[in-house]
$ cat model_16.csv   # CSV, C-alpha atoms
chain,number,residue,atom,x,y,z
M,200,MET,CA,-29.5,25.9,-5.1
M,201,PRO,CA,-28.5,23.1,-7.6
M,202,ALA,CA,-24.9,22.8,-8.7
M,203,ASP,CA,-24.2,23.8,-12.2
M,204,LYS,CA,-24.2,20.9,-14.7
M,205,PRO,CA,-20.6,20.2,-15.7
M,206,GLN,CA,-19.7,21.2,-19.2
M,207,ARG,CA,-18.4,18.6,-21.6
M,208,PRO,CA,-15.1,19.6,-23.3
M,209,PHE,CA,-15.2,21.0,-26.8
M,210,PHE,CA,-12.9,18.2,-27.9
M,211,GLU,CA,-12.1,14.8,-26.5
M,212,GLU,CA,-10.6,11.6,-27.7
M,213,ILE,CA,-12.9,8.9,-26.4
M,214,ASP,CA,-10.7,5.9,-27.5
M,215,PHE,CA,-7.5,5.3,-29.3
M,216,GLN,CA,-6.2,1.8,-30.3
M,217,PRO,CA,-3.6,0.5,-32.7
M,218,THR,CA,-5.0,-2.0,-35.3
M,219,PRO,CA,-3.5,-3.9,-38.3
M,220,LEU,CA,-5.0,-1.2,-40.6
M,221,GLY,CA,-3.5,1.7,-38.6
M,222,ASP,CA,-4.3,3.7,-35.5
M,223,LEU,CA,-8.0,3.9,-34.8
M,224,ALA,CA,-9.5,6.8,-32.8
M,225,LEU,CA,-13.0,7.8,-31.7
M,226,ARG,CA,-13.4,11.5,-31.1
M,227,ARG,CA,-16.1,13.9,-30.0
M,228,ARG,CA,-16.0,17.6,-30.8
M,229,ILE,CA,-18.3,20.6,-30.6
M,230,VAL,CA,-18.4,22.7,-33.8
M,231,ALA,CA,-19.0,26.2,-32.6
M,232,SER,CA,-19.6,27.5,-36.1
M,233,LEU,CA,-22.6,25.2,-36.5
M,234,GLU,CA,-24.4,26.3,-33.4
M,235,ASP,CA,-22.4,24.1,-31.1
M,236,THR,CA,-23.3,20.9,-32.9
M,237,GLU,CA,-21.9,17.8,-31.3
M,238,VAL,CA,-20.0,15.7,-33.8
M,239,TYR,CA,-18.6,12.2,-33.4
M,240,GLU,CA,-15.9,11.1,-35.8
M,241,ILE,CA,-13.7,8.0,-36.5
M,242,THR,CA,-10.2,8.2,-37.8
M,243,LEU,CA,-8.1,5.4,-39.1
M,244,GLY,CA,-4.4,5.7,-39.9
M,245,GLY,CA,-4.7,9.5,-39.5
M,246,GLY,CA,-7.4,9.9,-42.1
M,247,PHE,CA,-11.1,10.5,-41.6
M,248,LEU,CA,-13.3,7.4,-41.8
M,249,MET,CA,-16.7,8.5,-40.6
M,250,SER,CA,-18.3,11.6,-39.1
M,251,SER,CA,-21.8,12.0,-37.6
M,252,LEU,CA,-22.0,15.4,-39.5
M,253,PHE,CA,-22.3,13.6,-42.8
M,254,THR,CA,-24.7,10.7,-42.7
M,255,ALA,CA,-27.1,11.3,-45.6
M,256,VAL,CA,-25.5,8.8,-48.0
M,257,GLU,CA,-25.1,6.1,-45.3
M,258,ILE,CA,-28.8,6.4,-44.7
M,259,ALA,CA,-29.6,6.6,-48.4
M,260,LEU,CA,-27.6,3.3,-48.9
M,261,ALA,CA,-30.3,1.5,-46.8
M,262,ASP,CA,-33.2,3.4,-48.2
M,263,LEU,CA,-32.4,2.9,-51.9
M,264,ALA,CA,-31.8,-0.8,-51.4
M,265,LEU,CA,-34.7,-1.6,-49.1
M,266,ASN,CA,-37.5,0.8,-49.8
M,267,GLY,CA,-40.5,-1.1,-51.4
M,268,ARG,CA,-39.1,-4.5,-50.7
M,269,GLU,CA,-41.5,-7.0,-49.0
M,270,GLY,CA,-40.4,-9.0,-46.1
M,271,PRO,CA,-39.3,-10.9,-44.2
M,272,LEU,CA,-35.8,-9.7,-45.1
M,273,ASP,CA,-32.5,-10.9,-43.9
M,274,VAL,CA,-29.9,-8.2,-44.4
M,275,VAL,CA,-26.1,-7.9,-44.1
M,276,VAL,CA,-24.3,-4.6,-43.5
M,277,GLY,CA,-20.6,-4.6,-44.2
M,278,GLY,CA,-18.9,-2.0,-42.0
M,279,LEU,CA,-20.5,-0.7,-38.7
M,280,GLY,CA,-18.9,2.7,-38.5
M,281,LEU,CA,-21.1,5.0,-36.4
M,282,GLY,CA,-24.1,2.8,-37.1
M,283,TYR,CA,-26.2,5.0,-39.4
M,284,THR,CA,-26.7,2.4,-42.2
M,285,ALA,CA,-27.7,-0.2,-39.7
M,286,GLN,CA,-30.1,2.1,-38.0
M,287,ALA,CA,-31.7,3.1,-41.3
M,288,ALA,CA,-32.1,-0.6,-42.2
M,289,LEU,CA,-33.8,-1.4,-38.9
M,290,ARG,CA,-36.4,1.3,-39.5
M,291,TYR,CA,-38.0,-1.1,-42.0
M,292,PRO,CA,-40.4,-3.5,-40.3
M,293,ALA,CA,-39.9,-5.9,-43.2
M,294,VAL,CA,-36.3,-6.5,-41.9
M,295,ARG,CA,-36.3,-9.7,-39.9
M,296,SER,CA,-32.6,-9.9,-39.1
M,297,LEU,CA,-29.6,-7.6,-39.6
M,298,ALA,CA,-26.0,-9.0,-39.4
M,299,VAL,CA,-23.4,-6.2,-39.2
M,300,VAL,CA,-19.9,-7.5,-40.2
M,301,GLU,CA,-17.1,-5.4,-38.8
M,302,VAL,CA,-13.4,-6.2,-38.9
M,303,LEU,CA,-12.3,-3.7,-36.2
M,304,SER,CA,-13.3,-5.1,-32.8
M,305,PRO,CA,-13.0,-1.7,-31.0
M,306,VAL,CA,-15.8,-0.3,-33.2
M,307,ILE,CA,-18.1,-3.1,-32.0
M,308,GLU,CA,-17.0,-2.3,-28.4
M,309,TRP,CA,-17.9,1.3,-28.8
M,310,HIS,CA,-21.5,0.4,-29.7
M,311,SER,CA,-21.8,-2.3,-27.1
M,312,ARG,CA,-20.5,0.1,-24.4
M,313,GLY,CA,-22.7,3.0,-25.5
M,314,LEU,CA,-19.8,5.3,-26.4
M,315,VAL,CA,-21.4,6.4,-29.6
M,316,PRO,CA,-24.9,7.8,-29.9
M,317,LEU,CA,-26.5,4.9,-31.9
M,318,GLY,CA,-24.9,2.2,-29.8
M,319,PRO,CA,-27.8,1.8,-27.4
M,320,VAL,CA,-30.3,1.9,-30.3
M,321,LEU,CA,-28.7,-0.9,-32.2
M,322,THR,CA,-27.9,-3.1,-29.2
M,323,ALA,CA,-31.5,-2.8,-28.0
M,324,ASP,CA,-33.0,-4.1,-31.2
M,325,PRO,CA,-33.2,-8.0,-31.1
M,326,ARG,CA,-33.0,-8.2,-34.9
M,327,CYS,CA,-29.5,-6.7,-34.9
M,328,ARG,CA,-26.3,-8.6,-34.2
M,329,PHE,CA,-22.6,-7.6,-34.6
M,330,LEU,CA,-20.3,-10.1,-36.2
M,331,HIS,CA,-16.5,-9.5,-35.8
M,332,GLY,CA,-14.8,-10.5,-39.0
M,333,ASP,CA,-13.5,-9.5,-42.4
M,334,PHE,CA,-16.5,-8.8,-44.7
M,335,PHE,CA,-14.3,-9.3,-47.8
M,336,ALA,CA,-13.1,-12.7,-46.7
M,337,ARG,CA,-16.6,-13.8,-45.9
M,338,ALA,CA,-17.9,-12.5,-49.2
M,339,ALA,CA,-15.3,-14.6,-51.0
M,340,ASP,CA,-16.4,-17.8,-49.2
M,341,PRO,CA,-20.1,-18.6,-50.0
M,342,ALA,CA,-19.8,-22.0,-48.3
M,343,THR,CA,-19.2,-20.4,-45.0
M,344,GLY,CA,-20.8,-17.1,-45.7
M,345,PHE,CA,-21.2,-13.9,-43.7
M,346,ASP,CA,-22.4,-15.6,-40.5
M,347,PRO,CA,-20.3,-18.7,-39.5
M,348,ALA,CA,-23.2,-19.8,-37.3
M,349,MET,CA,-25.3,-20.1,-40.5
M,350,PRO,CA,-23.0,-21.7,-43.1
M,351,GLY,CA,-24.2,-21.1,-46.6
M,352,ALA,CA,-27.0,-18.8,-45.7
M,353,LYS,CA,-28.5,-16.6,-48.3
M,354,TRP,CA,-29.5,-12.9,-47.8
M,355,HIS,CA,-32.1,-10.6,-49.3
M,356,ALA,CA,-29.8,-7.6,-49.2
M,357,VAL,CA,-26.1,-6.9,-48.7
M,358,LEU,CA,-25.2,-3.2,-47.9
M,359,LEU,CA,-21.5,-2.3,-48.0
M,360,ASP,CA,-19.8,0.8,-46.6
M,361,ILE,CA,-16.2,0.1,-45.9
M,362,ASP,CA,-13.7,1.3,-48.5
M,363,HIS,CA,-13.7,4.9,-49.6
M,364,SER,CA,-14.3,3.7,-53.2
M,365,PRO,CA,-13.4,0.8,-55.5
M,366,SER,CA,-10.1,2.5,-56.3
M,367,ASN,CA,-9.4,4.0,-52.8
M,368,LEU,CA,-9.1,1.0,-50.5
M,369,LEU,CA,-8.5,0.8,-46.8
M,370,ASP,CA,-6.6,-2.5,-47.4
M,371,GLU,CA,-5.2,-3.4,-50.9
M,372,THR,CA,-6.2,-7.1,-50.2
M,373,ASN,CA,-9.8,-5.9,-50.7
M,374,ALA,CA,-9.2,-5.2,-54.4
M,375,ALA,CA,-10.2,-8.7,-55.6
M,376,PHE,CA,-13.8,-8.1,-54.3
M,377,TYR,CA,-14.4,-5.4,-56.9
M,378,ARG,CA,-13.6,-7.6,-59.9
M,379,PRO,CA,-16.2,-9.8,-61.5
M,380,GLU,CA,-14.9,-13.0,-59.9
M,381,GLY,CA,-15.3,-11.4,-56.4
M,382,LEU,CA,-18.7,-10.1,-57.2
M,383,LEU,CA,-19.8,-13.5,-58.4
M,384,ARG,CA,-19.0,-15.0,-55.0
M,385,LEU,CA,-21.0,-12.3,-53.4
M,386,ALA,CA,-23.9,-12.8,-55.7
M,387,ALA,CA,-24.0,-16.5,-54.8
M,388,GLN,CA,-24.9,-15.4,-51.2
M,389,LEU,CA,-28.0,-13.5,-52.4
M,390,HIS,CA,-31.5,-14.9,-52.8
M,391,PRO,CA,-32.9,-14.6,-56.3
M,392,GLY,CA,-34.3,-11.1,-56.4
M,393,GLY,CA,-31.9,-9.9,-53.7
M,394,ILE,CA,-29.8,-6.8,-54.0
M,395,PHE,CA,-26.2,-5.7,-53.4
M,396,ALA,CA,-25.8,-2.0,-52.6
M,397,MET,CA,-22.6,-0.1,-51.9
M,398,TRP,CA,-21.6,3.4,-50.8
M,399,SER,CA,-18.6,5.1,-52.5
M,400,ASP,CA,-17.1,8.5,-52.1
M,401,GLY,CA,-16.9,10.6,-55.3
M,402,PRO,CA,-18.5,10.1,-58.7
M,403,PRO,CA,-19.5,6.8,-60.3
M,404,ASP,CA,-16.5,4.6,-61.3
M,405,GLU,CA,-17.1,3.3,-64.8
M,406,GLU,CA,-14.7,0.4,-64.5
M,407,PHE,CA,-16.4,-0.8,-61.4
M,408,LEU,CA,-19.8,-0.4,-63.1
M,409,GLN,CA,-18.6,-2.6,-65.9
M,410,SER,CA,-17.6,-5.3,-63.4
M,411,LEU,CA,-21.0,-5.0,-61.8
M,412,HIS,CA,-22.7,-5.4,-65.1
M,413,GLU,CA,-20.9,-8.6,-65.8
M,414,VAL,CA,-22.6,-10.1,-62.7
M,415,PHE,CA,-25.7,-8.0,-62.2
M,416,PRO,CA,-27.0,-6.8,-65.6
M,417,ALA,CA,-29.3,-4.2,-64.1
M,418,ALA,CA,-26.7,-2.5,-61.9
M,419,ARG,CA,-26.7,1.2,-61.8
M,420,ALA,CA,-25.1,4.1,-59.9
M,421,GLU,CA,-27.2,6.8,-58.0
M,422,THR,CA,-25.6,10.1,-57.2
M,423,VAL,CA,-26.7,11.3,-53.7
M,424,ARG,CA,-26.2,15.0,-53.0
M,425,PHE,CA,-26.2,16.5,-49.5
M,426,PRO,CA,-25.4,19.8,-47.9
M,427,ASN,CA,-21.8,20.3,-46.6
M,428,PRO,CA,-22.1,23.0,-43.9
M,429,LEU,CA,-18.3,23.1,-43.4
M,430,LEU,CA,-17.7,24.1,-47.0
M,431,GLU,CA,-21.0,25.9,-47.3
M,432,GLU,CA,-21.8,24.1,-50.5
M,433,GLU,CA,-23.3,20.8,-51.8
M,434,SER,CA,-21.3,17.6,-51.8
M,435,SER,CA,-22.1,14.2,-53.4
M,436,SER,CA,-21.3,10.5,-53.2
M,437,THR,CA,-22.4,7.4,-55.1
M,438,VAL,CA,-24.6,4.5,-54.2
M,439,TYR,CA,-24.3,1.5,-56.4
M,440,LEU,CA,-27.4,-0.7,-56.7
M,441,ALA,CA,-27.1,-4.2,-58.1
M,442,PRO,CA,-30.3,-6.4,-58.0
M,443,ARG,CA,-29.8,-10.0,-58.7
$ encode --input "model_16.csv" --output "structure tokens"
Amino acid sequence: MPADKPQRPFFEEIDFQPTPLGDLALRRRIVASLEDTEVYEITLGGGFLMSSLFTAVEIALADLALNGREGPLDVVVGGLGLGYTAQAALRYPAVRSLAVVEVLSPVIEWHSRGLVPLGPVLTADPRCRFLHGDFFARAADPATGFDPAMPGAKWHAVLLDIDHSPSNLLDETNAAFYRPEGLLRLAAQLHPGGIFAMWSDGPPDEEFLQSLHEVFPAARAETVRFPNPLLEEESSSTVYLAPR
């Protein structure tokens, strides 16, 4: 008679590492109230950064930016997280290459080692590569650009999901990016007709929209609504879309 399959714990901390931005942890839990749904979550500095329970807006970020665009497309994703934006972008056959810029090396390691569900999916796709580095520093330096192996390269889309919002930053040094001067340096790395898109928690930020309009006249904010099973109500976030 076969032995019973060992049960995974209802909660486990898969990895914990100190970083310059605070203590970083990868956790897995079973949510009994949601029919024993398995949830992966990332915390940074004691606050929640990403949860596999809420991925609708991360996926919408790629869909709103890439749907209907003709290839071949070279795309940058700023912030790897649990990989949902990257995976959504790779669903488009028009995407020729995807460079994911991530400042926290443990997050890249989690995917490379298969510690998160989408790690094997992303690492198996030859179009996808992980670049360890500071997205905001690279956005501010068009001469070097997002990929040091391709100095001055231009991109068809840049998808950003790092800070909670333009006014709620993981690192205060990121603030310059959200002003017109920072956005101009980013725009210099886009092909004509390319697009910058960004996830943000909460409602549209009018001050940031004004900064976008100074650089991308047709910029707009899309509200993305999604079910929140923990609160048993609807939640929403914002995706900014700024075609060049």
$ residues_around --input "model_16.csv" --residues "Glu301 (chain M)" --least-positions-apart "5" --cutoff "8 Å" --atoms "all atoms listed in the file" --output "JSON, numbers by chain"
{"M": [277, 278, 279, 306, 307, 329, 330, 331, 332, 333, 334]}
$ residues_near_point --input "model_16.csv" --point "(-8.2, 2.7, -47.9)" --cutoff "12 Å" --atoms "only C-alpha atoms" --output "VMD selection string"
chain M and resid 220 to 221 242 to 248 360 to 374 399 to 400
$ closest_residue --input "model_16.csv" --among "M:Val357, M:Ala298, M:Val274, M:Leu281" --to "Gly313 (chain M)" --atoms "all atoms listed in the file"
M:Leu281
$ atom_distance --input "model_16.csv" --atom1 "CA of Glu405 (chain M)" --atom2 "CA of Tyr439 (chain M)"
11.2 Å
$ residues_around --input "model_16.csv" --residues "region 411-427 of chain M" --least-positions-apart "5" --cutoff "7 Å" --atoms "only C-alpha atoms" --output "ChimeraX atom specification"
/M:255-256,379,382-383,403,432-443
$ write_last_selection --input "model_16.csv" --atoms "C-alpha atoms" --output "mmCIF file, in the frame of the given file"
data_model
loop_
_atom_site.group_PDB
_atom_site.id
_atom_site.type_symbol
_atom_site.label_atom_id
_atom_site.label_comp_id
_atom_site.auth_asym_id
_atom_site.auth_seq_id
_atom_site.Cartn_x
_atom_site.Cartn_y
_atom_site.Cartn_z
ATOM 1 C CA ALA M 255 -27.100 11.300 -45.600
ATOM 2 C CA VAL M 256 -25.500 8.800 -48.000
ATOM 3 C CA PRO M 379 -16.200 -9.800 -61.500
ATOM 4 C CA LEU M 382 -18.700 -10.100 -57.200
ATOM 5 C CA LEU M 383 -19.800 -13.500 -58.400
ATOM 6 C CA PRO M 403 -19.500 6.800 -60.300
ATOM 7 C CA GLU M 432 -21.800 24.100 -50.500
ATOM 8 C CA GLU M 433 -23.300 20.800 -51.800
ATOM 9 C CA SER M 434 -21.300 17.600 -51.800
ATOM 10 C CA SER M 435 -22.100 14.200 -53.400
ATOM 11 C CA SER M 436 -21.300 10.500 -53.200
ATOM 12 C CA THR M 437 -22.400 7.400 -55.100
ATOM 13 C CA VAL M 438 -24.600 4.500 -54.200
ATOM 14 C CA TYR M 439 -24.300 1.500 -56.400
ATOM 15 C CA LEU M 440 -27.400 -0.700 -56.700
ATOM 16 C CA ALA M 441 -27.100 -4.200 -58.100
ATOM 17 C CA PRO M 442 -30.300 -6.400 -58.000
ATOM 18 C CA ARG M 443 -29.800 -10.000 -58.700
#
$ closest_residue --input "model_16.csv" --among "M:Cys327, M:Ala356, M:Val302, M:Leu223" --to "Gly270 (chain M)" --atoms "all atoms listed in the file"
M:Ala356
$ closest_residue --input "model_16.csv" --among "M:Arg226, M:Ser250, M:Glu237, M:Leu289" --to "Val275 (chain M)" --atoms "all atoms listed in the file"
M:Leu289
$ residues_around --input "model_16.csv" --residues "Glu380 (chain M)" --least-positions-apart "5" --cutoff "10 Å" --atoms "all atoms listed in the file" --output "PyMOL selection string"
chain M and resi 339+375+385-386+410+413-414
$ closest_residue --input "model_16.csv" --among "M:Leu303, M:Ala338, M:Leu389, M:Val320" --to "Pro219 (chain M)" --atoms "all atoms listed in the file"
M:Leu303
$ closest_residue --input "model_16.csv" --among "M:Arg378, M:Arg227, M:Arg290, M:Arg268" --to "Pro316 (chain M)" --atoms "only C-alpha atoms"
M:Arg227
$ atom_distance --input "model_16.csv" --atom1 "CA of Thr322 (chain M)" --atom2 "CA of Val300 (chain M)"
14.3 Å
$ atom_distance --input "model_16.csv" --atom1 "CA of Phe376 (chain M)" --atom2 "CA of Ile258 (chain M)"
23.0 Å
$ residues_near_point --input "model_16.csv" --point "(-24.4, 2.7, -36.6)" --cutoff "9 Å" --atoms "all atoms listed in the file" --output "PyMOL selection string"
chain M and resi 279-287+310+315-318+320-321
$ closest_residue --input "model_16.csv" --among "M:Leu272, M:Ala261, M:Leu225, M:Val230" --to "Ala288 (chain M)" --atoms "only C-alpha atoms"
M:Ala261
$ residues_around --input "model_16.csv" --residues "Glu269 (chain M)" --least-positions-apart "2" --cutoff "10 Å" --atoms "all atoms listed in the file" --output "ChimeraX atom specification"
/M:265-267,271-272,291-294
